[in-house]
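Novice: The structure file run-v6.cif (mmCIF, C-alpha atoms and all ligand atoms) is provided below.
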```cif
data_model
loop_
_atom_site.group_PDB
_atom_site.id
_atom_site.type_symbol
_atom_site.label_atom_id
_atom_site.label_comp_id
_atom_site.auth_asym_id
_atom_site.auth_seq_id
_atom_site.Cartn_x
_atom_site.Cartn_y
_atom_site.Cartn_z
ATOM 1 C CA MET A 1020 0.000 0.000 0.000
ATOM 2 C CA PRO A 1021 2.724 2.585 0.765
ATOM 3 C CA ASN A 1022 4.117 1.772 -2.700
ATOM 4 C CA THR A 1023 0.817 2.768 -4.331
ATOM 5 C CA LEU A 1024 0.910 6.029 -2.385
ATOM 6 C CA ILE A 1025 4.454 6.753 -3.606
ATOM 7 C CA TYR A 1026 3.335 6.162 -7.203
ATOM 8 C CA ILE A 1027 0.305 8.441 -6.759
ATOM 9 C CA PHE A 1028 2.508 11.234 -5.403
ATOM 10 C CA THR A 1029 5.006 10.634 -8.205
ATOM 11 C CA PHE A 1030 2.208 10.986 -10.760
ATOM 12 C CA ILE A 1031 0.967 14.219 -9.154
ATOM 13 C CA PHE A 1032 4.517 15.611 -9.068
ATOM 14 C CA GLY A 1033 5.051 14.607 -12.707
ATOM 15 C CA SER A 1034 1.797 16.198 -13.868
ATOM 16 C CA MET A 1035 2.750 19.434 -12.084
ATOM 17 C CA VAL A 1036 6.055 19.440 -13.966
ATOM 18 C CA GLY A 1037 3.995 18.710 -17.093
ATOM 19 C CA SER A 1038 2.058 21.902 -16.442
ATOM 20 C CA PHE A 1039 5.382 23.779 -16.536
ATOM 21 C CA LEU A 1040 6.387 21.889 -19.717
ATOM 22 C CA ASN A 1041 3.210 23.248 -21.346
ATOM 23 C CA VAL A 1042 4.477 26.760 -20.617
ATOM 24 C CA CYS A 1043 7.834 25.824 -22.229
ATOM 25 C CA ILE A 1044 6.093 24.375 -25.321
ATOM 26 C CA HIS A 1045 4.030 27.560 -25.672
ATOM 27 C CA ARG A 1046 6.747 30.141 -24.971
ATOM 28 C CA ILE A 1047 10.128 28.744 -26.151
ATOM 29 C CA PRO A 1048 9.317 28.958 -29.913
ATOM 30 C CA GLU A 1049 8.150 32.559 -29.383
ATOM 31 C CA GLY A 1050 11.394 33.410 -27.582
ATOM 32 C CA LYS A 1051 9.538 34.408 -24.394
ATOM 33 C CA SER A 1052 10.656 33.870 -20.783
ATOM 34 C CA ILE A 1053 9.434 30.579 -19.300
ATOM 35 C CA VAL A 1054 9.283 31.917 -15.718
ATOM 36 C CA PHE A 1055 7.659 35.324 -16.125
ATOM 37 C CA PRO A 1056 4.852 36.443 -16.418
ATOM 38 C CA PRO A 1057 2.622 33.797 -14.761
ATOM 39 C CA SER A 1058 0.311 31.659 -16.934
ATOM 40 C CA SER A 1059 -2.424 33.471 -18.814
ATOM 41 C CA CYS A 1060 -5.096 32.465 -21.309
ATOM 42 C CA PRO A 1061 -3.632 32.657 -24.846
ATOM 43 C CA HIS A 1062 -6.965 34.028 -26.137
ATOM 44 C CA CYS A 1063 -8.035 36.717 -23.655
ATOM 45 C CA ASN A 1064 -4.695 37.157 -21.818
ATOM 46 C CA ASN A 1065 -6.432 37.013 -18.427
ATOM 47 C CA PRO A 1066 -4.167 35.481 -15.768
ATOM 48 C CA ILE A 1067 -5.107 31.922 -14.802
ATOM 49 C CA ALA A 1068 -5.983 31.535 -11.101
ATOM 50 C CA PHE A 1069 -4.141 28.811 -9.161
ATOM 51 C CA TYR A 1070 -7.381 26.811 -8.730
ATOM 52 C CA ASP A 1071 -7.815 26.771 -12.519
ATOM 53 C CA ASN A 1072 -4.218 25.608 -12.993
ATOM 54 C CA ILE A 1073 -4.413 22.187 -11.320
ATOM 55 C CA PRO A 1074 -2.996 19.640 -13.773
ATOM 56 C CA ILE A 1075 -5.602 17.563 -15.664
ATOM 57 C CA ILE A 1076 -8.338 18.203 -13.027
ATOM 58 C CA SER A 1077 -8.848 21.884 -13.929
ATOM 59 C CA TYR A 1078 -9.232 21.008 -17.594
ATOM 60 C CA ILE A 1079 -11.986 18.512 -16.743
ATOM 61 C CA MET A 1080 -13.697 20.893 -14.267
ATOM 62 C CA LEU A 1081 -13.715 23.737 -16.822
ATOM 63 C CA LEU A 1082 -14.853 21.313 -19.576
ATOM 64 C CA GLY A 1083 -11.877 22.395 -21.675
ATOM 65 C CA ARG A 1084 -12.798 26.098 -21.766
ATOM 66 C CA CYS A 1085 -11.262 29.284 -20.338
ATOM 67 C CA ARG A 1086 -13.224 30.512 -17.265
ATOM 68 C CA GLN A 1087 -13.128 34.127 -18.492
ATOM 69 C CA CYS A 1088 -13.615 34.095 -22.261
ATOM 70 C CA LYS A 1089 -14.976 30.530 -22.695
ATOM 71 C CA SER A 1090 -12.651 29.860 -25.631
ATOM 72 C CA LEU A 1091 -11.448 26.281 -26.077
ATOM 73 C CA ILE A 1092 -8.256 25.205 -24.303
ATOM 74 C CA SER A 1093 -6.076 22.867 -26.362
ATOM 75 C CA PRO A 1094 -6.345 19.226 -25.175
ATOM 76 C CA ARG A 1095 -2.547 19.266 -25.493
ATOM 77 C CA TYR A 1096 -2.399 20.804 -21.976
ATOM 78 C CA PRO A 1097 -3.952 17.887 -20.019
ATOM 79 C CA PHE A 1098 -2.295 15.415 -22.424
ATOM 80 C CA VAL A 1099 1.232 16.711 -21.693
ATOM 81 C CA GLU A 1100 0.432 16.774 -17.957
ATOM 82 C CA PHE A 1101 -0.776 13.192 -18.108
ATOM 83 C CA LEU A 1102 2.230 12.023 -20.151
ATOM 84 C CA THR A 1103 4.710 13.645 -17.739
ATOM 85 C CA GLY A 1104 2.950 12.036 -14.768
ATOM 86 C CA PHE A 1105 2.858 8.698 -16.587
ATOM 87 C CA PHE A 1106 6.572 8.767 -17.444
ATOM 88 C CA SER A 1107 7.446 9.759 -13.852
ATOM 89 C CA VAL A 1108 5.734 6.593 -12.616
ATOM 90 C CA ILE A 1109 7.322 4.371 -15.293
ATOM 91 C CA LEU A 1110 10.770 5.846 -14.572
ATOM 92 C CA LEU A 1111 10.378 5.237 -10.834
ATOM 93 C CA LYS A 1112 9.199 1.676 -11.514
ATOM 94 C CA THR A 1113 12.142 1.021 -13.881
ATOM 95 C CA PHE A 1114 15.014 2.719 -12.065
ATOM 96 C CA GLY A 1115 13.825 3.024 -8.420
ATOM 97 C CA PHE A 1116 15.339 5.753 -6.262
ATOM 98 C CA SER A 1117 18.688 5.925 -8.076
ATOM 99 C CA ILE A 1118 20.772 8.564 -9.833
ATOM 100 C CA GLU A 1119 19.164 7.481 -13.119
ATOM 101 C CA LEU A 1120 15.737 8.609 -11.895
ATOM 102 C CA PRO A 1121 16.321 12.421 -11.829
ATOM 103 C CA VAL A 1122 18.622 12.282 -14.876
ATOM 104 C CA TYR A 1123 16.161 10.412 -17.079
ATOM 105 C CA PHE A 1124 13.254 12.439 -15.716
ATOM 106 C CA ILE A 1125 14.918 15.627 -16.995
ATOM 107 C CA PHE A 1126 15.792 13.821 -20.232
ATOM 108 C CA ALA A 1127 12.197 12.604 -20.779
ATOM 109 C CA ALA A 1128 10.802 16.044 -19.907
ATOM 110 C CA SER A 1129 13.085 17.690 -22.502
ATOM 111 C CA LEU A 1130 12.009 15.105 -25.085
ATOM 112 C CA LEU A 1131 8.333 15.868 -24.407
ATOM 113 C CA VAL A 1132 8.892 19.605 -24.924
ATOM 114 C CA ILE A 1133 10.855 18.926 -28.128
ATOM 115 C CA THR A 1134 8.121 16.594 -29.455
ATOM 116 C CA PHE A 1135 5.260 19.032 -29.041
ATOM 117 C CA ILE A 1136 7.233 22.012 -30.354
ATOM 118 C CA ASP A 1137 8.307 19.971 -33.399
ATOM 119 C CA LEU A 1138 4.715 18.819 -34.024
ATOM 120 C CA LYS A 1139 3.410 22.384 -33.883
ATOM 121 C CA TYR A 1140 6.215 24.449 -35.459
ATOM 122 C CA GLN A 1141 8.365 21.811 -37.228
ATOM 123 C CA ILE A 1142 11.473 23.036 -35.407
ATOM 124 C CA ILE A 1143 13.632 21.546 -32.678
ATOM 125 C CA PRO A 1144 14.880 24.454 -30.571
ATOM 126 C CA ASP A 1145 18.654 24.627 -30.056
ATOM 127 C CA VAL A 1146 18.056 26.035 -26.543
ATOM 128 C CA ILE A 1147 17.051 22.500 -25.501
ATOM 129 C CA SER A 1148 19.129 20.182 -27.710
ATOM 130 C CA LEU A 1149 22.530 21.918 -27.451
ATOM 131 C CA PRO A 1150 22.638 22.239 -23.627
ATOM 132 C CA GLY A 1151 21.124 18.722 -23.631
ATOM 133 C CA ILE A 1152 24.207 17.341 -25.381
ATOM 134 C CA ILE A 1153 26.522 18.915 -22.755
ATOM 135 C CA VAL A 1154 24.369 17.950 -19.743
ATOM 136 C CA GLY A 1155 23.912 14.405 -21.081
ATOM 137 C CA PHE A 1156 27.675 14.023 -21.464
ATOM 138 C CA LEU A 1157 28.487 15.408 -17.986
ATOM 139 C CA VAL A 1158 25.899 13.336 -16.091
ATOM 140 C CA SER A 1159 26.956 10.141 -17.902
ATOM 141 C CA TYR A 1160 29.878 10.157 -15.423
ATOM 142 C CA PHE A 1161 27.334 8.974 -12.816
ATOM 143 C CA LEU A 1162 25.453 6.578 -15.132
ATOM 144 C CA PRO A 1163 26.252 2.887 -15.753
ATOM 145 C CA HIS A 1164 27.166 3.411 -19.433
ATOM 146 C CA GLY A 1165 29.859 6.003 -18.638
ATOM 147 C CA MET A 1166 31.385 9.023 -20.379
ATOM 148 C CA LEU A 1167 33.208 7.219 -23.210
ATOM 149 C CA ASN A 1168 29.988 5.519 -24.270
ATOM 150 C CA SER A 1169 28.271 8.916 -24.121
ATOM 151 C CA ILE A 1170 30.832 10.662 -26.335
ATOM 152 C CA ILE A 1171 30.643 7.825 -28.904
ATOM 153 C CA GLY A 1172 26.845 8.234 -28.674
ATOM 154 C CA ILE A 1173 27.123 11.952 -29.467
ATOM 155 C CA LEU A 1174 29.368 11.258 -32.460
ATOM 156 C CA ALA A 1175 27.277 8.305 -33.676
ATOM 157 C CA GLY A 1176 24.028 10.226 -33.209
ATOM 158 C CA GLY A 1177 25.145 13.486 -34.745
ATOM 159 C CA GLY A 1178 27.448 11.899 -37.330
ATOM 160 C CA SER A 1179 25.166 9.180 -38.728
ATOM 161 C CA LEU A 1180 22.209 11.467 -39.362
ATOM 162 C CA PHE A 1181 24.544 14.083 -40.790
ATOM 163 C CA LEU A 1182 25.906 11.516 -43.270
ATOM 164 C CA VAL A 1183 22.411 10.315 -44.236
ATOM 165 C CA ALA A 1184 21.152 13.889 -44.622
ATOM 166 C CA PHE A 1185 24.234 14.833 -46.633
ATOM 167 C CA GLY A 1186 23.951 11.753 -48.851
ATOM 168 C CA TYR A 1187 20.252 12.290 -49.406
ATOM 169 C CA GLN A 1188 20.803 15.893 -50.404
ATOM 170 C CA LEU A 1189 23.658 14.889 -52.697
ATOM 171 C CA ILE A 1190 21.530 12.289 -54.510
ATOM 172 C CA THR A 1191 18.194 14.097 -54.699
ATOM 173 C CA GLY A 1192 19.182 17.751 -54.396
ATOM 174 C CA ARG A 1193 16.465 18.156 -51.769
ATOM 175 C CA GLU A 1194 16.849 18.678 -48.048
ATOM 176 C CA GLY A 1195 15.516 15.527 -46.360
ATOM 177 C CA MET A 1196 16.315 16.164 -42.749
ATOM 178 C CA GLY A 1197 16.668 19.276 -40.634
ATOM 179 C CA GLY A 1198 19.743 20.126 -38.573
ATOM 180 C CA GLY A 1199 17.483 19.997 -35.516
ATOM 181 C CA ASP A 1200 17.098 16.212 -35.893
ATOM 182 C CA ILE A 1201 20.883 15.800 -35.971
ATOM 183 C CA LYS A 1202 21.347 17.770 -32.731
ATOM 184 C CA LEU A 1203 18.445 15.877 -31.115
ATOM 185 C CA LEU A 1204 20.002 12.501 -31.927
ATOM 186 C CA ALA A 1205 23.366 13.725 -30.596
ATOM 187 C CA MET A 1206 21.577 14.663 -27.356
ATOM 188 C CA ILE A 1207 19.948 11.205 -27.201
ATOM 189 C CA GLY A 1208 23.399 9.654 -27.705
ATOM 190 C CA ALA A 1209 24.822 11.821 -24.911
ATOM 191 C CA PHE A 1210 22.195 10.681 -22.393
ATOM 192 C CA LEU A 1211 21.846 7.005 -23.413
ATOM 193 C CA GLY A 1212 25.087 5.948 -25.128
ATOM 194 C CA TRP A 1213 25.787 4.665 -28.634
ATOM 195 C CA LYS A 1214 23.814 1.396 -28.517
ATOM 196 C CA ALA A 1215 20.677 3.389 -27.763
ATOM 197 C CA VAL A 1216 21.417 5.596 -30.780
ATOM 198 C CA ILE A 1217 21.234 2.536 -33.055
ATOM 199 C CA ILE A 1218 17.945 1.419 -31.489
ATOM 200 C CA THR A 1219 16.593 4.983 -31.700
ATOM 201 C CA ILE A 1220 17.398 5.387 -35.400
ATOM 202 C CA PHE A 1221 16.012 1.962 -36.264
ATOM 203 C CA THR A 1222 12.767 2.035 -34.270
ATOM 204 C CA GLY A 1223 12.207 5.756 -34.923
ATOM 205 C CA SER A 1224 12.673 5.353 -38.683
ATOM 206 C CA PHE A 1225 10.515 2.248 -38.755
ATOM 207 C CA ILE A 1226 7.601 3.853 -36.876
ATOM 208 C CA GLY A 1227 8.099 7.045 -38.895
ATOM 209 C CA ALA A 1228 7.968 5.101 -42.155
ATOM 210 C CA VAL A 1229 4.763 3.300 -41.124
ATOM 211 C CA VAL A 1230 3.046 6.495 -39.940
ATOM 212 C CA GLY A 1231 4.407 8.431 -42.935
ATOM 213 C CA SER A 1232 2.979 5.909 -45.422
ATOM 214 C CA ALA A 1233 -0.355 5.885 -43.612
ATOM 215 C CA LEU A 1234 -0.524 9.687 -43.738
ATOM 216 C CA MET A 1235 0.413 9.669 -47.420
ATOM 217 C CA LEU A 1236 -2.367 7.191 -48.157
ATOM 218 C CA ALA A 1237 -4.834 9.285 -46.154
ATOM 219 C CA LYS A 1238 -3.821 12.685 -47.506
ATOM 220 C CA GLY A 1239 -2.943 11.713 -51.074
ATOM 221 C CA LYS A 1240 0.487 11.721 -52.658
ATOM 222 C CA ASP A 1241 1.475 15.219 -51.697
ATOM 223 C CA THR A 1242 5.253 14.991 -51.481
ATOM 224 C CA LYS A 1243 5.470 18.494 -50.050
ATOM 225 C CA TYR A 1244 3.648 17.268 -46.961
ATOM 226 C CA ALA A 1245 6.602 17.132 -44.587
ATOM 227 C CA ILE A 1246 6.267 15.010 -41.469
ATOM 228 C CA PRO A 1247 8.537 16.114 -38.613
ATOM 229 C CA PHE A 1248 11.041 13.377 -37.802
ATOM 230 C CA GLY A 1249 11.781 14.608 -34.249
ATOM 231 C CA PRO A 1250 8.744 12.971 -32.559
ATOM 232 C CA PHE A 1251 9.703 9.590 -34.069
ATOM 233 C CA LEU A 1252 13.270 9.937 -32.814
ATOM 234 C CA VAL A 1253 11.797 10.717 -29.386
ATOM 235 C CA ILE A 1254 9.619 7.570 -29.500
ATOM 236 C CA GLY A 1255 12.709 5.598 -30.569
ATOM 237 C CA ALA A 1256 14.743 7.086 -27.691
ATOM 238 C CA LEU A 1257 12.045 6.180 -25.153
ATOM 239 C CA ILE A 1258 11.918 2.628 -26.546
ATOM 240 C CA ALA A 1259 15.724 2.472 -26.226
ATOM 241 C CA LEU A 1260 15.519 3.776 -22.650
ATOM 242 C CA PHE A 1261 12.883 1.298 -21.457
ATOM 243 C CA CYS A 1262 13.321 -1.774 -23.697
ATOM 244 C CA GLY A 1263 16.874 -1.322 -25.049
ATOM 245 C CA LYS A 1264 18.315 -4.457 -23.485
ATOM 246 C CA THR A 1265 15.492 -6.694 -24.754
ATOM 247 C CA LEU A 1266 15.715 -5.234 -28.262
ATOM 248 C CA MET A 1267 19.479 -5.769 -28.396
ATOM 249 C CA LYS A 1268 18.831 -9.491 -27.781
ATOM 250 C CA TRP A 1269 16.301 -9.626 -30.651
ATOM 251 C CA PHE A 1270 18.852 -8.160 -33.032
ATOM 252 C CA ARG A 1271 21.051 -11.221 -32.506
ATOM 253 C CA ILE A 1272 19.051 -13.502 -34.812
ATOM 254 C CA PRO A 1273 19.249 -11.444 -38.051
ATOM 255 C CA ALA A 1274 22.790 -10.505 -36.985
ATOM 256 C CA LEU A 1275 23.822 -14.181 -36.826
ATOM 257 C CA LEU A 1276 22.251 -14.906 -40.232
ATOM 258 C CA LEU A 1277 23.987 -11.936 -41.842
ATOM 259 C CA GLY A 1278 27.259 -12.805 -40.121
ATOM 260 C CA SER A 1279 27.249 -16.416 -41.356
ATOM 261 C CA SER A 1280 26.415 -15.444 -44.954
ATOM 262 C CA LEU A 1281 29.168 -12.823 -44.928
ATOM 263 C CA ARG A 1282 31.585 -15.437 -43.615
ATOM 264 C CA ARG A 1283 30.719 -17.789 -46.453
ATOM 265 C CA MET A 1284 30.814 -15.141 -49.181
ATOM 266 C CA LEU A 1285 33.727 -12.951 -48.133
ATOM 267 C CA LYS A 1286 35.596 -15.328 -45.811
ATOM 268 C CA ILE A 1287 35.586 -12.745 -42.994
ATOM 269 C CA ARG A 1288 34.698 -13.346 -39.399
ATOM 270 C CA LEU A 1289 32.774 -10.706 -37.435
ATOM 271 C CA THR A 1290 32.542 -10.265 -33.672
ATOM 272 C CA PRO A 1291 28.984 -10.436 -32.232
ATOM 273 C CA HIS A 1292 29.039 -6.677 -31.626
ATOM 274 C CA LEU A 1293 30.091 -5.898 -35.186
ATOM 275 C CA ARG A 1294 27.455 -8.274 -36.570
ATOM 276 C CA ARG A 1295 24.712 -6.558 -34.611
ATOM 277 C CA ALA A 1296 25.930 -3.095 -35.542
ATOM 278 C CA LEU A 1297 26.032 -4.091 -39.224
ATOM 279 C CA VAL A 1298 22.450 -5.397 -39.193
ATOM 280 C CA CYS A 1299 21.248 -2.227 -37.496
ATOM 281 C CA PHE A 1300 23.118 -0.142 -40.042
ATOM 282 C CA VAL A 1301 21.601 -1.993 -43.016
ATOM 283 C CA LEU A 1302 18.082 -1.888 -41.522
ATOM 284 C CA THR A 1303 18.470 1.785 -40.676
ATOM 285 C CA LEU A 1304 19.586 2.673 -44.188
ATOM 286 C CA CYS A 1305 16.543 0.856 -45.647
ATOM 287 C CA MET A 1306 14.145 2.550 -43.254
ATOM 288 C CA ARG A 1307 15.686 5.979 -43.557
ATOM 289 C CA ASN A 1308 15.731 5.715 -47.317
ATOM 290 C CA TYR A 1309 12.077 4.788 -47.292
ATOM 291 C CA LEU A 1310 11.168 7.632 -44.985
ATOM 292 C CA CYS A 1311 13.094 10.147 -47.101
ATOM 293 C CA ARG A 1312 11.047 9.080 -50.094
ATOM 294 C CA CYS A 1313 7.873 9.583 -48.080
ATOM 295 C CA VAL A 1314 8.807 13.069 -46.926
HETATM 296 ZN ZN ZN A 1401 -9.504 33.233 -21.982
#
```
Using structure tokens, write down the structure from this file.

Specialist:
Amino acid sequence: MPNTLIYIFTFIFGSMVGSFLNVCIHRIPEGKSIVFPPSSCPHCNNPIAFYDNIPIISYIMLLGRCRQCKSLISPRYPFVEFLTGFFSVILLKTFGFSIELPVYFIFAASLLVITFIDLKYQIIPDVISLPGIIVGFLVSYFLPHGMLNSIIGILAGGGSLFLVAFGYQLITGREGMGGGDIKLLAMIGAFLGWKAVIITIFTGSFIGAVVGSALMLAKGKDTKYAIPFGPFLVIGALIALFCGKTLMKWFRIPALLLGSSLRRMLKIRLTPHLRRALVCFVLTLCMRNYLCRCV
């Protein structure tokens, strides 16, 4: 029973942070301060009273409308509050009271802000991703994967997307991926290490390709319809954070098959790590290529 109580308080704490993340999502792209002035209605500019600013509950009590001007409040507000609360609970369940808990809480919170800004404005603000790379690298000193793993993650994350973006532009003459995605993946590498970067690119590209194709089917073949890639990288990073170890095991089967055929054809022997990395690389290239064609 005390455990349940801890989780309830964790959820409440998370949703309160989520309320602050909403302010960040609203103000960072406009270049406004995130601490001053206090929250106000974006329609009538009336300040929001503390009793109307209770995460999730206020939205339900007000039936999704501003108390003053009755204009609709975006469902994004309670959704972000819920997601932040939800991830707080999952993080506590996964990592317990350890150093990873506050680190990955800040990491997940930054990813949430990035996702919703990218969905709305199709940009990934440097004010989050660039300090994120530095913070992720510094705190990795205290994390199990360590600083070397983190720096390889930054290079792998930033470098691989840069190469794909560069190659894509070279071949098609069109810009396929924004610089924001590259900095985001470098930040993910800084916080999670290089193995997570591989999982992030693969799962993110795969989900992005599926959603991208579905959207293309639904909206017709409008190639100018650009889908932001950032949210998919974020989903990939969260998958890497919570199920990375399990996924790495799954990669062993195609890795073994590829390794044995390479050994027969080219007479070279690969270490298990190299085999896995190679499979991920091939899969990633396929997925990324597909997604580029969609976008
Ligand atoms: Zn209002």

Novice: Could you pull the residues within 12 Å of range 1283-1291 of chain A, counting only C-alpha atoms, minus those fewer than 2 positions along the same chain, as a PyMOL selection string?

Specialist: chain A and resi 1267-1268+1270-1281+1293-1298

Novice: Since I can't run it myself right now, could you work out what the PyMOL selection byres (((chain A and resi 1160-1177) around 9) and not hetatm) selects here and report it as an NGL selection string?

Specialist: :A and (1118-1119 or 1122 or 1152 or 1155-1159 or 1178-1182 or 1200-1217 or 1220)

Novice: Around ligand ZN 1401 (chain A), at most 10 Å away and counting all atoms listed in the file, which residues are there? Put them as a list in words, please.

Specialist: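 Result of the 10 Å neighbour search around ligand ZN 1401 (chain A): Ser1059, Cys1060, Pro1061, His1062, Cys1063, Asn1064, Asn1065, Pro1066, Ile1067, Arg1084, Cys1085, Arg1086, Gln1087, Cys1088, Lys1089, Ser1090, Leu1091 and Ile1092 of chain A.
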
Novice: Store the residues of this selection in a file with C-alpha atoms, as a CSV table (one decimal), keeping the file's coordinate frame.

Specialist:
```
chain,number,residue,atom,x,y,z
A,1059,SER,CA,-2.4,33.5,-18.8
A,1060,CYS,CA,-5.1,32.5,-21.3
A,1061,PRO,CA,-3.6,32.7,-24.8
A,1062,HIS,CA,-7.0,34.0,-26.1
A,1063,CYS,CA,-8.0,36.7,-23.7
A,1064,ASN,CA,-4.7,37.2,-21.8
A,1065,ASN,CA,-6.4,37.0,-18.4
A,1066,PRO,CA,-4.2,35.5,-15.8
A,1067,ILE,CA,-5.1,31.9,-14.8
A,1084,ARG,CA,-12.8,26.1,-21.8
A,1085,CYS,CA,-11.3,29.3,-20.3
A,1086,ARG,CA,-13.2,30.5,-17.3
A,1087,GLN,CA,-13.1,34.1,-18.5
A,1088,CYS,CA,-13.6,34.1,-22.3
A,1089,LYS,CA,-15.0,30.5,-22.7
A,1090,SER,CA,-12.7,29.9,-25.6
A,1091,LEU,CA,-11.4,26.3,-26.1
A,1092,ILE,CA,-8.3,25.2,-24.3
```

Novice: Quick one: pull the distance between CA of Val1132 in chain A and CA of Ser1058 in chain A, Å, one decimal.

Specialist: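 If I compute the distance from CA of Val1132 in chain A to CA of Ser1058 in chain A, I get 16.8 Å.
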
Novice: Point out the residue among A:Leu1082, A:Ile1226, A:Ala1127, A:Ile1136 with the least atom-to-atom distance to Gly1151 in chain A, counting all atoms listed in the file.

Specialist: A:Ala1127

Novice: Which residues are close to Pro1048 in chain A, i.e. within 8 Å by only C-alpha atoms, leaving aside same-chain residues fewer than 2 positions away? Reply as a ChimeraX atom specification.

Specialist: /A:1044-1046,1050-1051,1136,1140,1144

Novice: CA of Phe1055 in chain A and CA of Asn1072 in chain A are how many Å apart?

Specialist: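 Between CA of Phe1055 in chain A and CA of Asn1072 in chain A the gap works out to 15.7 Å.
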
Novice: Between A:Cys1262, A:Glu1049, A:Leu1234, A:Gly1249, which residue has the minimum interatomic distance to Ser1148 in chain A, considering all atoms listed in the file?

Specialist: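 Distance minimum relative to Ser1148 in chain A lands on A:Gly1249.
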
Novice: Written as a PyMOL selection string, what is the full residue list that the PyMOL selection byres (((chain A and resi 1038) around 12) and not hetatm) yields on the file shown?

Specialist: chain A and resi 1031-1037+1039-1045+1053+1058+1069+1071-1078+1095-1104+1128+1131-1132

Novice: Which of these, A:Met1080, A:Ile1246, A:Leu1260, A:Ile1190, has the shortest distance to Leu1120 in chain A once you count all atoms listed in the file?

Specialist: A:Leu1260

Novice: Measure the distance from CA of Ile1143 in chain A to CA of Gly1198 in chain A in Å and round it to one decimal.

Specialist: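 According to the coordinates, CA of Ile1143 in chain A and CA of Gly1198 in chain A are separated by 8.6 Å.
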